>>> print(open('model24.pdb').read())   # PDB, C-alpha atoms and all ligand atoms
MODEL        1
ATOM      1  CA  MET A   1      60.389  87.931 265.115
ATOM      2  CA  ASN A   2      61.586  88.299 268.717
ATOM      3  CA  PHE A   3      60.934  90.983 271.344
ATOM      4  CA  GLU A   4      64.099  92.935 270.497
ATOM      5  CA  GLU A   5      63.147  93.110 266.815
ATOM      6  CA  LEU A   6      59.581  94.007 267.757
ATOM      7  CA  TYR A   7      60.854  96.817 269.989
ATOM      8  CA  GLN A   8      62.742  98.336 267.039
ATOM      9  CA  ILE A   9      59.493  98.745 265.048
ATOM     10  CA  LYS A  10      58.395 102.314 265.723
ATOM     11  CA  ASP A  11      55.254 102.391 263.601
ATOM     12  CA  GLU A  12      52.474 101.409 266.018
ATOM     13  CA  ILE A  13      50.312  99.595 263.474
ATOM     14  CA  GLU A  14      53.234  97.565 262.187
ATOM     15  CA  GLN A  15      54.264  96.790 265.766
ATOM     16  CA  ILE A  16      50.748  95.509 266.593
ATOM     17  CA  ASN A  17      50.781  93.442 263.419
ATOM     18  CA  LYS A  18      54.143  91.845 264.217
ATOM     19  CA  THR A  19      53.240  91.260 267.890
ATOM     20  CA  TYR A  20      51.061  88.432 266.622
ATOM     21  CA  ASP A  21      54.004  86.834 264.856
ATOM     22  CA  ILE A  22      55.137  86.148 268.447
ATOM     23  CA  PHE A  23      51.859  85.508 270.288
ATOM     24  CA  ASP A  24      49.730  82.583 269.114
ATOM     25  CA  GLU A  25      46.236  84.045 269.251
ATOM     26  CA  GLU A  26      44.517  80.999 267.753
ATOM     27  CA  HIS A  27      45.349  78.801 270.756
ATOM     28  CA  ARG A  28      45.525  81.460 273.504
ATOM     29  CA  LEU A  29      42.180  80.608 275.069
ATOM     30  CA  SER A  30      42.321  76.828 274.826
ATOM     31  CA  SER A  31      43.406  75.682 278.320
ATOM     32  CA  LYS A  32      40.962  75.418 281.226
ATOM     33  CA  ALA A  33      42.718  78.313 282.992
ATOM     34  CA  ALA A  34      42.731  80.584 279.946
ATOM     35  CA  ARG A  35      39.133  79.646 279.186
ATOM     36  CA  VAL A  36      38.019  81.406 282.396
ATOM     37  CA  GLU A  37      38.436  84.780 280.620
ATOM     38  CA  PHE A  38      36.465  83.575 277.595
ATOM     39  CA  LEU A  39      33.634  81.938 279.555
ATOM     40  CA  THR A  40      33.273  84.925 281.895
ATOM     41  CA  THR A  41      33.162  87.345 278.986
ATOM     42  CA  VAL A  42      30.613  85.221 277.105
ATOM     43  CA  LYS A  43      28.462  85.020 280.244
ATOM     44  CA  TYR A  44      28.279  88.840 280.367
ATOM     45  CA  ILE A  45      27.613  89.153 276.626
ATOM     46  CA  GLU A  46      24.817  86.599 276.904
ATOM     47  CA  LYS A  47      23.135  88.672 279.628
ATOM     48  CA  TYR A  48      22.335  91.211 276.906
ATOM     49  CA  LEU A  49      22.287  89.201 273.681
ATOM     50  CA  GLU A  50      18.883  88.503 272.138
ATOM     51  CA  PRO A  51      17.959  86.500 269.038
ATOM     52  CA  GLY A  52      18.558  88.404 265.808
ATOM     53  CA  MET A  53      20.989  90.892 267.326
ATOM     54  CA  LYS A  54      23.943  91.982 265.196
ATOM     55  CA  ILE A  55      27.419  91.779 266.671
ATOM     56  CA  LEU A  56      30.564  93.717 265.783
ATOM     57  CA  ASP A  57      33.840  92.209 267.057
ATOM     58  CA  ILE A  58      36.611  94.844 266.874
ATOM     59  CA  GLY A  59      40.124  93.418 267.243
ATOM     60  CA  ALA A  60      38.700  89.958 266.720
ATOM     61  CA  GLY A  61      42.031  88.105 266.784
ATOM     62  CA  ALA A  62      41.692  84.582 265.416
ATOM     63  CA  GLY A  63      37.931  84.861 265.812
ATOM     64  CA  GLU A  64      37.269  83.108 269.118
ATOM     65  CA  TYR A  65      34.261  85.249 270.061
ATOM     66  CA  SER A  66      33.004  85.822 266.503
ATOM     67  CA  LEU A  67      33.050  82.106 265.763
ATOM     68  CA  TYR A  68      31.341  81.221 269.037
ATOM     69  CA  PHE A  69      28.419  83.524 268.278
ATOM     70  CA  ALA A  70      28.314  82.698 264.540
ATOM     71  CA  GLU A  71      28.077  79.049 265.582
ATOM     72  CA  LYS A  72      24.919  79.995 267.482
ATOM     73  CA  GLY A  73      23.468  81.581 264.326
ATOM     74  CA  TYR A  74      24.232  85.255 264.992
ATOM     75  CA  GLU A  75      25.287  87.597 262.209
ATOM     76  CA  VAL A  76      28.774  88.813 263.068
ATOM     77  CA  SER A  77      30.980  91.482 261.540
ATOM     78  CA  ALA A  78      34.602  91.396 262.585
ATOM     79  CA  LEU A  79      37.531  93.749 262.147
ATOM     80  CA  GLU A  80      41.095  92.689 262.802
ATOM     81  CA  LEU A  81      44.436  94.259 262.116
ATOM     82  CA  ALA A  82      47.142  91.566 262.279
ATOM     83  CA  ASP A  83      47.925  89.454 259.190
ATOM     84  CA  ASN A  84      48.510  86.247 261.166
ATOM     85  CA  ASN A  85      45.250  86.555 263.056
ATOM     86  CA  ILE A  86      43.279  87.327 259.889
ATOM     87  CA  ALA A  87      44.763  84.211 258.275
ATOM     88  CA  ALA A  88      43.956  82.012 261.303
ATOM     89  CA  PHE A  89      40.441  83.443 261.537
ATOM     90  CA  MET A  90      39.766  82.852 257.810
ATOM     91  CA  ARG A  91      40.859  79.213 258.110
ATOM     92  CA  ARG A  92      38.260  78.721 260.875
ATOM     93  CA  ILE A  93      35.223  80.242 259.100
ATOM     94  CA  ARG A  94      32.771  77.659 257.717
ATOM     95  CA  PRO A  95      30.400  78.363 254.802
ATOM     96  CA  ASP A  96      27.353  78.277 257.134
ATOM     97  CA  HIS A  97      28.782  80.991 259.436
ATOM     98  CA  LYS A  98      27.320  84.454 258.824
ATOM     99  CA  ILE A  99      30.627  86.265 259.326
ATOM    100  CA  GLU A 100      31.959  89.302 257.518
ATOM    101  CA  LEU A 101      35.676  89.674 258.286
ATOM    102  CA  ILE A 102      37.634  92.728 257.260
ATOM    103  CA  GLN A 103      41.189  93.823 257.932
ATOM    104  CA  GLY A 104      41.537  97.296 259.406
ATOM    105  CA  ASN A 105      42.224  99.574 262.339
ATOM    106  CA  ALA A 106      39.734 100.180 265.164
ATOM    107  CA  VAL A 107      40.275 103.945 264.916
ATOM    108  CA  ASP A 108      38.568 103.936 261.498
ATOM    109  CA  LEU A 109      35.374 101.896 261.139
ATOM    110  CA  SER A 110      34.305 103.690 257.955
ATOM    111  CA  HIS A 111      33.575 100.299 256.376
ATOM    112  CA  PHE A 112      30.522 100.138 258.691
ATOM    113  CA  GLU A 113      27.445 102.357 258.659
ATOM    114  CA  ASP A 114      26.183 104.435 261.584
ATOM    115  CA  ASN A 115      23.688 102.845 263.955
ATOM    116  CA  SER A 116      24.206  99.235 262.782
ATOM    117  CA  PHE A 117      25.083  96.929 265.704
ATOM    118  CA  ASP A 118      23.367  95.803 268.924
ATOM    119  CA  ILE A 119      26.445  94.352 270.574
ATOM    120  CA  ILE A 120      29.952  95.741 270.174
ATOM    121  CA  LEU A 121      33.032  93.916 271.411
ATOM    122  CA  MET A 122      36.381  95.663 271.689
ATOM    123  CA  PHE A 123      38.748  93.076 273.133
ATOM    124  CA  GLY A 124      42.167  94.024 271.797
ATOM    125  CA  PRO A 125      42.600  97.580 270.490
ATOM    126  CA  LEU A 126      42.734  98.977 274.044
ATOM    127  CA  TYR A 127      45.579  96.522 274.773
ATOM    128  CA  HIS A 128      47.619  98.252 272.097
ATOM    129  CA  LEU A 129      46.653 101.856 271.361
ATOM    130  CA  HIS A 130      49.195 104.059 273.158
ATOM    131  CA  SER A 131      47.682 107.490 272.692
ATOM    132  CA  GLU A 132      44.558 108.678 274.447
ATOM    133  CA  GLU A 133      43.581 110.379 271.186
ATOM    134  CA  ASP A 134      43.555 107.029 269.351
ATOM    135  CA  ARG A 135      41.716 105.278 272.177
ATOM    136  CA  GLN A 136      39.037 107.961 272.071
ATOM    137  CA  LYS A 137      38.826 107.663 268.269
ATOM    138  CA  ALA A 138      38.275 103.902 268.620
ATOM    139  CA  ILE A 139      35.566 104.409 271.272
ATOM    140  CA  SER A 140      33.910 107.140 269.238
ATOM    141  CA  GLU A 141      33.865 104.946 266.120
ATOM    142  CA  ALA A 142      32.385 102.071 268.148
ATOM    143  CA  LYS A 143      29.655 104.420 269.379
ATOM    144  CA  ARG A 144      28.980 105.694 265.862
ATOM    145  CA  VAL A 145      28.282 102.217 264.475
ATOM    146  CA  ALA A 146      26.354 101.133 267.604
ATOM    147  CA  LYS A 147      22.555 101.296 267.686
ATOM    148  CA  LYS A 148      21.135 103.682 270.272
ATOM    149  CA  ASP A 149      20.404 100.877 272.819
ATOM    150  CA  ALA A 150      23.540  98.875 272.035
ATOM    151  CA  VAL A 151      25.637  97.307 274.758
ATOM    152  CA  LEU A 152      29.373  97.833 274.373
ATOM    153  CA  PHE A 153      32.035  95.554 275.855
ATOM    154  CA  PHE A 154      35.607  96.755 276.359
ATOM    155  CA  ALA A 155      38.613  94.779 277.597
ATOM    156  CA  PHE A 156      41.831  96.160 279.055
ATOM    157  CA  ILE A 157      44.988  94.604 280.481
ATOM    158  CA  GLY A 158      45.263  95.422 284.177
ATOM    159  CA  ASN A 159      48.516  97.093 285.162
ATOM    160  CA  ASP A 160      48.524  96.062 288.799
ATOM    161  CA  MET A 161      48.152  92.293 288.332
ATOM    162  CA  ILE A 162      50.767  92.078 285.574
ATOM    163  CA  PHE A 163      53.516  92.747 288.122
ATOM    164  CA  ILE A 164      52.466  89.656 290.086
ATOM    165  CA  THR A 165      52.005  87.548 286.955
ATOM    166  CA  GLU A 166      55.465  88.474 285.640
ATOM    167  CA  LEU A 167      57.044  87.784 289.037
ATOM    168  CA  ASN A 168      55.404  84.389 289.033
ATOM    169  CA  TYR A 169      57.163  83.573 285.712
ATOM    170  CA  ASP A 170      60.490  85.204 286.576
ATOM    171  CA  SER A 171      61.898  85.521 290.085
ATOM    172  CA  ASP A 172      64.363  88.174 288.788
ATOM    173  CA  TYR A 173      61.490  90.358 287.613
ATOM    174  CA  ILE A 174      61.839  92.724 290.590
ATOM    175  CA  LYS A 175      65.507  93.317 289.656
ATOM    176  CA  ASN A 176      65.198  93.343 285.872
ATOM    177  CA  GLY A 177      61.545  93.910 284.994
ATOM    178  CA  ASP A 178      60.341  96.827 282.885
ATOM    179  CA  PHE A 179      58.377  98.904 285.350
ATOM    180  CA  ASP A 180      58.709 102.194 287.156
ATOM    181  CA  ARG A 181      60.197 101.483 290.612
ATOM    182  CA  LYS A 182      58.192 104.297 292.239
ATOM    183  CA  THR A 183      54.766 104.094 290.616
ATOM    184  CA  PHE A 184      54.702 100.417 289.573
ATOM    185  CA  LYS A 185      53.474 101.468 286.138
ATOM    186  CA  MET A 186      54.462  98.659 283.779
ATOM    187  CA  ASP A 187      56.252  99.720 280.591
ATOM    188  CA  ASP A 188      53.745  99.762 277.750
ATOM    189  CA  PHE A 189      55.461  97.155 275.577
ATOM    190  CA  PRO A 190      54.327  94.994 273.848
ATOM    191  CA  PHE A 191      50.963  95.748 275.477
ATOM    192  CA  VAL A 192      49.504  98.874 277.080
ATOM    193  CA  PHE A 193      48.557  98.465 280.736
ATOM    194  CA  HIS A 194      45.888 100.329 282.690
ATOM    195  CA  THR A 195      44.824 100.617 286.313
ATOM    196  CA  VAL A 196      41.162 100.022 287.076
ATOM    197  CA  ASP A 197      40.689 103.724 287.612
ATOM    198  CA  GLY A 198      42.510 104.492 284.359
ATOM    199  CA  CYS A 199      40.063 102.234 282.470
ATOM    200  CA  ARG A 200      37.102 104.002 284.062
ATOM    201  CA  LYS A 201      38.471 107.393 283.024
ATOM    202  CA  ILE A 202      39.028 106.320 279.414
ATOM    203  CA  LEU A 203      35.460 105.060 279.114
ATOM    204  CA  GLU A 204      33.939 108.002 280.955
ATOM    205  CA  ASN A 205      35.864 110.395 278.661
ATOM    206  CA  GLY A 206      34.390 108.424 275.764
ATOM    207  CA  GLY A 207      30.842 108.962 277.061
ATOM    208  CA  ILE A 208      30.289 105.340 278.089
ATOM    209  CA  LYS A 209      28.026 104.670 281.091
ATOM    210  CA  ILE A 210      29.505 101.685 282.870
ATOM    211  CA  LEU A 211      27.140  98.830 283.771
ATOM    212  CA  HIS A 212      29.628  96.194 284.945
ATOM    213  CA  GLU A 213      33.299  96.131 285.878
ATOM    214  CA  VAL A 214      34.588  92.577 285.810
ATOM    215  CA  ALA A 215      37.842  90.833 286.777
ATOM    216  CA  SER A 216      37.422  88.595 283.758
ATOM    217  CA  ASP A 217      40.252  86.133 284.406
ATOM    218  CA  GLY A 218      41.123  87.001 288.012
ATOM    219  CA  VAL A 219      43.991  84.866 289.295
ATOM    220  CA  SER A 220      43.533  82.173 286.640
ATOM    221  CA  GLU A 221      46.888  82.657 284.900
ATOM    222  CA  LEU A 222      48.672  82.628 288.250
ATOM    223  CA  MET A 223      46.886  79.425 289.203
ATOM    224  CA  ALA A 224      47.017  77.921 285.703
ATOM    225  CA  GLU A 225      48.724  74.671 286.608
ATOM    226  CA  LYS A 226      46.237  73.881 289.362
ATOM    227  CA  ILE A 227      43.197  74.987 287.342
ATOM    228  CA  ASN A 228      44.279  72.982 284.297
ATOM    229  CA  ASN A 229      44.468  69.873 286.482
ATOM    230  CA  LEU A 230      40.970  70.217 287.933
ATOM    231  CA  ASP A 231      38.498  67.557 286.866
ATOM    232  CA  ASP A 232      35.399  68.843 285.080
ATOM    233  CA  GLU A 233      33.235  68.912 288.203
ATOM    234  CA  ASP A 234      35.784  70.887 290.241
ATOM    235  CA  TYR A 235      36.413  73.207 287.282
ATOM    236  CA  GLU A 236      32.675  74.006 287.221
ATOM    237  CA  THR A 237      32.877  74.836 290.943
ATOM    238  CA  TYR A 238      35.964  76.994 290.352
ATOM    239  CA  LEU A 239      34.063  78.853 287.631
ATOM    240  CA  ARG A 240      31.116  79.385 289.974
ATOM    241  CA  TYR A 241      33.518  80.748 292.598
ATOM    242  CA  HIS A 242      35.059  83.052 289.986
ATOM    243  CA  TYR A 243      31.624  84.293 288.826
ATOM    244  CA  TYR A 244      30.645  84.836 292.464
ATOM    245  CA  CYS A 245      33.534  87.236 293.066
ATOM    246  CA  CYS A 246      34.548  88.652 289.663
ATOM    247  CA  GLU A 247      32.501  91.868 290.077
ATOM    248  CA  LYS A 248      33.599  92.490 293.671
ATOM    249  CA  PRO A 249      35.494  95.807 293.715
ATOM    250  CA  GLU A 250      38.285  94.232 295.764
ATOM    251  CA  MET A 251      38.955  91.703 292.967
ATOM    252  CA  LEU A 252      39.262  94.177 290.097
ATOM    253  CA  GLY A 253      42.926  95.064 290.525
ATOM    254  CA  ARG A 254      43.755  91.366 290.783
ATOM    255  CA  SER A 255      43.019  90.378 287.207
ATOM    256  CA  ASN A 256      45.180  90.416 284.095
ATOM    257  CA  HIS A 257      42.137  91.220 281.993
ATOM    258  CA  LEU A 258      39.420  93.681 282.879
ATOM    259  CA  LEU A 259      36.046  93.643 281.196
ATOM    260  CA  PHE A 260      33.905  96.779 281.203
ATOM    261  CA  VAL A 261      30.321  96.650 279.980
ATOM    262  CA  GLY A 262      28.533  99.873 279.126
ATOM    263  CA  ARG A 263      25.967 101.776 277.157
ATOM    264  CA  MET A 264      26.128 105.144 275.405
TER     265      MET A 264
HETATM  266  C1  LIG A 301      45.036  89.633 272.522
HETATM  267  S1  LIG A 301      44.216  89.726 270.989
HETATM  268  C2  LIG A 301      42.518  89.415 271.454
HETATM  269  C3  LIG A 301      41.728  88.790 270.353
HETATM  270  C4  LIG A 301      40.255  88.504 270.686
HETATM  271  N1  LIG A 301      39.467  89.731 270.613
HETATM  272  C5  LIG A 301      40.132  87.889 272.048
HETATM  273  O1  LIG A 301      39.726  88.590 272.987
HETATM  274  O2  LIG A 301      40.450  86.715 272.191
HETATM  275  C6  LIG A 301      44.156  91.443 270.590
HETATM  276  C7  LIG A 301      43.729  91.647 269.155
HETATM  277  O3  LIG A 301      43.423  93.019 268.919
HETATM  278  C8  LIG A 301      43.928  93.353 267.631
HETATM  279  N2  LIG A 301      44.146  94.796 267.577
HETATM  280  C9  LIG A 301      44.966  95.526 268.351
HETATM  281  N3  LIG A 301      44.895  96.831 268.022
HETATM  282  C10 LIG A 301      44.017  96.926 267.007
HETATM  283  C11 LIG A 301      43.508  98.007 266.241
HETATM  284  N4  LIG A 301      43.930  99.241 266.443
HETATM  285  N5  LIG A 301      42.598  97.744 265.300
HETATM  286  C12 LIG A 301      42.160  96.474 265.082
HETATM  287  N6  LIG A 301      42.604  95.400 265.767
HETATM  288  C13 LIG A 301      43.510  95.632 266.722
HETATM  289  C14 LIG A 301      45.226  92.583 267.549
HETATM  290  O4  LIG A 301      45.698  92.467 266.237
HETATM  291  C15 LIG A 301      44.824  91.265 268.180
HETATM  292  O5  LIG A 301      44.311  90.363 267.257
ENDMDL
END
>>> encode(input="model24.pdb", output="structure tokens")
Amino acid sequence: MNFEELYQIKDEIEQINKTYDIFDEEHRLSSKAARVEFLTTVKYIEKYLEPGMKILDIGAGAGEYSLYFAEKGYEVSALELADNNIAAFMRRIRPDHKIELIQGNAVDLSHFEDNSFDIILMFGPLYHLHSEEDRQKAISEAKRVAKKDAVLFFAFIGNDMIFITELNYDSDYIKNGDFDRKTFKMDDFPFVFHTVDGCRKILENGGIKILHEVASDGVSELMAEKINNLDDEDYETYLRYHYYCCEKPEMLGRSNHLLFVGRM
């Protein structure tokens, strides 16, 4: 599979599935730089997580978050769409993990009962669902299966930082890149990109009250080489710096990933 072949796939679900023939989800978060997104997100989840809480991980990928919390003894249900990611996730589950993994689409959580989960993670479907109708279906399903006091975590890919990130990889991006020259809206392929304000509107339309807006990886991908070369002590200081500023409003547009935390 290459990007041209992927582009030819018009069925959205099949396109999402095949996207992960190209992107290696199992190893995506393994470098120090990439780990910033994971560690920041976990830090926010752990603000609300209490012993015995039940977690639903929607768009679980190769299971990075599910496995982390299952390792700590939590009961985790996970839903994932892509064949490759399901296979990678299954290989990583140990018999002592309390994980239920099912293959499916975030817009239909009928496998799960109403009012079942304390913590809901949706780190993936909103990177891919093109229509507002589908995004609202996914949010509404997440709310249906959430307990009344549940905390819901949503991730988006930030439109305005992607321009800089792409330019950093490709100096011809300004000439050849796929973006609108007037509005700087990135073309929604193979991911769907949102401005900070766009994310807020989606969640507000879905009846989510926002508790935190977080630049979850900030400039980490841009600075990857330098961050990956930090020794452990300096990396800890970098992380503290990142935590210090990741909720500052002026940082939000400067992050490839945006984490929103909310309640119903
Ligand atoms: C970039 S990966 C992120 C995986 C993991 N949640 C993480 O944050 O590391 C996005 C994941 O969302 C999944 N996904 C996208 N749209 C989905 C949908 N409509 N229903 C279920 N999973 C979906 C993809 O298959 C992919 O595994």
>>> closest_residue(input="model24.pdb", among="A:Ala70, A:Lys182, A:Phe189, A:Ala60", to="Glu4 in chain A", atoms="all atoms listed in the file")
A:Phe189
>>> resolve_selection(input="model24.pdb", expression="the PyMOL selection byres (((not hetatm)) within 7 of (chain A and resi 301))", output="PyMOL selection string")
chain A and resi 16-17+20+25+29+58-65+79-82+85+104-107+122-129
>>> residues_around(input="model24.pdb", residues="Lys185 in chain A", least_positions_apart="6", cutoff="9 Å", atoms="all atoms listed in the file", output="list in words")
Asn159, Asp160, Phe163, Asp178, Phe179, Phe193, His194 and Thr195 of chain A
>>> resolve_selection(input="model24.pdb", expression="the PyMOL selection byres (((chain A and resi 148-158) around 9) and not hetatm)", output="compact mmCIF listing (two decimals) with C-alpha atoms, keeping the file's coordinate frame")
# COMPACT_ATOMS: atom_id res chain seq x y z
CA THR A 41 33.16 87.34 278.99
CA TYR A 44 28.28 88.84 280.37
CA ILE A 45 27.61 89.15 276.63
CA TYR A 48 22.34 91.21 276.91
CA LEU A 49 22.29 89.20 273.68
CA ASN A 115 23.69 102.84 263.96
CA PHE A 117 25.08 96.93 265.70
CA ASP A 118 23.37 95.80 268.92
CA ILE A 119 26.44 94.35 270.57
CA ILE A 120 29.95 95.74 270.17
CA LEU A 121 33.03 93.92 271.41
CA MET A 122 36.38 95.66 271.69
CA PHE A 123 38.75 93.08 273.13
CA GLY A 124 42.17 94.02 271.80
CA PRO A 125 42.60 97.58 270.49
CA LEU A 126 42.73 98.98 274.04
CA TYR A 127 45.58 96.52 274.77
CA ALA A 142 32.38 102.07 268.15
CA LYS A 143 29.66 104.42 269.38
CA ALA A 146 26.35 101.13 267.60
CA LYS A 147 22.56 101.30 267.69
CA ASN A 159 48.52 97.09 285.16
CA ASP A 160 48.52 96.06 288.80
CA MET A 161 48.15 92.29 288.33
CA ILE A 162 50.77 92.08 285.57
CA PHE A 191 50.96 95.75 275.48
CA VAL A 192 49.50 98.87 277.08
CA PHE A 193 48.56 98.46 280.74
CA HIS A 194 45.89 100.33 282.69
CA THR A 195 44.82 100.62 286.31
CA VAL A 196 41.16 100.02 287.08
CA CYS A 199 40.06 102.23 282.47
CA LEU A 203 35.46 105.06 279.11
CA ILE A 208 30.29 105.34 278.09
CA SER A 216 37.42 88.60 283.76
CA LEU A 252 39.26 94.18 290.10
CA GLY A 253 42.93 95.06 290.52
CA ARG A 254 43.76 91.37 290.78
CA SER A 255 43.02 90.38 287.21
CA ASN A 256 45.18 90.42 284.10
CA HIS A 257 42.14 91.22 281.99
CA LEU A 258 39.42 93.68 282.88
CA LEU A 259 36.05 93.64 281.20
CA PHE A 260 33.90 96.78 281.20
CA VAL A 261 30.32 96.65 279.98
CA GLY A 262 28.53 99.87 279.13
CA ARG A 263 25.97 101.78 277.16
CA MET A 264 26.13 105.14 275.40
>>> residues_near_point(input="model24.pdb", point="(60.4, 93.7, 269.6)", cutoff="9 Å", atoms="all atoms listed in the file", output="number ranges by chain")
A: 1-9, 15, 18-19, 189-190
>>> atom_distance(input="model24.pdb", atom1="CA of Asp234 in chain A", atom2="CA of Lys72 in chain A")
26.8 Å
>>> atom_distance(input="model24.pdb", atom1="CA of Tyr244 in chain A", atom2="CA of Leu39 in chain A")
13.6 Å
>>> residues_near_point(input="model24.pdb", point="(28.5, 84.3, 258.5)", cutoff="9 Å", atoms="all atoms listed in the file", output="JSON, numbers by chain")
{"A": [67, 70, 71, 73, 74, 75, 76, 77, 93, 94, 95, 96, 97, 98, 99, 100, 101]}
>>> write_last_selection(input="model24.pdb", atoms="C-alpha atoms", output="mmCIF file, in the coordinates of the input")
data_model
loop_
_atom_site.group_PDB
_atom_site.id
_atom_site.type_symbol
_atom_site.label_atom_id
_atom_site.label_comp_id
_atom_site.auth_asym_id
_atom_site.auth_seq_id
_atom_site.Cartn_x
_atom_site.Cartn_y
_atom_site.Cartn_z
ATOM 1 C CA LEU A 67 33.050 82.106 265.763
ATOM 2 C CA ALA A 70 28.314 82.698 264.540
ATOM 3 C CA GLU A 71 28.077 79.049 265.582
ATOM 4 C CA GLY A 73 23.468 81.581 264.326
ATOM 5 C CA TYR A 74 24.232 85.255 264.992
ATOM 6 C CA GLU A 75 25.287 87.597 262.209
ATOM 7 C CA VAL A 76 28.774 88.813 263.068
ATOM 8 C CA SER A 77 30.980 91.482 261.540
ATOM 9 C CA ILE A 93 35.223 80.242 259.100
ATOM 10 C CA ARG A 94 32.771 77.659 257.717
ATOM 11 C CA PRO A 95 30.400 78.363 254.802
ATOM 12 C CA ASP A 96 27.353 78.277 257.134
ATOM 13 C CA HIS A 97 28.782 80.991 259.436
ATOM 14 C CA LYS A 98 27.320 84.454 258.824
ATOM 15 C CA ILE A 99 30.627 86.265 259.326
ATOM 16 C CA GLU A 100 31.959 89.302 257.518
ATOM 17 C CA LEU A 101 35.676 89.674 258.286
#
>>> decode(input="model24.pdb", residues="range 90-104 of chain A", atoms="N, CA, C and O atoms", output="short mmCIF file (atom, residue, chain, number, x, y, z; two decimals), in the first residue's frame")
data_model
loop_
_atom_site.label_atom_id
_atom_site.label_comp_id
_atom_site.auth_asym_id
_atom_site.auth_seq_id
_atom_site.Cartn_x
_atom_site.Cartn_y
_atom_site.Cartn_z
N MET A 90 -3.40 -7.68 19.72
CA MET A 90 -3.63 -9.04 20.24
C MET A 90 -2.33 -9.73 20.63
O MET A 90 -2.26 -10.43 21.63
N ARG A 91 -1.28 -9.49 19.81
CA ARG A 91 0.03 -10.10 20.11
C ARG A 91 0.58 -9.60 21.45
O ARG A 91 1.38 -10.26 22.08
N ARG A 92 0.15 -8.39 21.87
CA ARG A 92 0.75 -7.76 23.06
C ARG A 92 -0.05 -8.05 24.35
O ARG A 92 0.41 -7.72 25.44
N ILE A 93 -1.25 -8.63 24.20
CA ILE A 93 -2.07 -8.89 25.40
C ILE A 93 -1.54 -10.14 26.12
O ILE A 93 -1.31 -11.17 25.48
N ARG A 94 -1.34 -10.02 27.44
CA ARG A 94 -0.91 -11.18 28.23
C ARG A 94 -2.12 -11.75 28.96
O ARG A 94 -3.11 -11.06 29.19
N PRO A 95 -2.05 -13.04 29.35
CA PRO A 95 -3.21 -13.67 30.00
C PRO A 95 -3.66 -12.94 31.27
O PRO A 95 -4.84 -12.95 31.62
N ASP A 96 -2.74 -12.27 31.98
CA ASP A 96 -3.13 -11.59 33.23
C ASP A 96 -3.74 -10.20 32.98
O ASP A 96 -4.22 -9.56 33.92
N HIS A 97 -3.73 -9.71 31.75
CA HIS A 97 -4.36 -8.42 31.46
C HIS A 97 -5.88 -8.59 31.39
O HIS A 97 -6.36 -9.51 30.74
N LYS A 98 -6.60 -7.66 32.05
CA LYS A 98 -8.07 -7.72 31.95
C LYS A 98 -8.48 -6.81 30.79
O LYS A 98 -8.89 -5.66 30.99
N ILE A 99 -8.31 -7.33 29.57
CA ILE A 99 -8.62 -6.52 28.38
C ILE A 99 -9.63 -7.25 27.51
O ILE A 99 -9.45 -8.44 27.18
N GLU A 100 -10.67 -6.53 27.15
CA GLU A 100 -11.62 -7.04 26.14
C GLU A 100 -11.36 -6.21 24.88
O GLU A 100 -11.50 -4.98 24.91
N LEU A 101 -10.96 -6.86 23.80
CA LEU A 101 -10.67 -6.12 22.56
C LEU A 101 -11.67 -6.53 21.49
O LEU A 101 -11.82 -7.72 21.21
N ILE A 102 -12.34 -5.55 20.91
CA ILE A 102 -13.24 -5.90 19.81
C ILE A 102 -12.94 -5.02 18.60
O ILE A 102 -12.44 -3.91 18.73
N GLN A 103 -13.24 -5.57 17.43
CA GLN A 103 -13.02 -4.81 16.20
C GLN A 103 -14.33 -4.12 15.83
O GLN A 103 -15.39 -4.77 15.82
N GLY A 104 -14.28 -2.83 15.54
CA GLY A 104 -15.51 -2.14 15.19
C GLY A 104 -15.26 -0.67 14.90
O GLY A 104 -14.11 -0.22 14.88
#
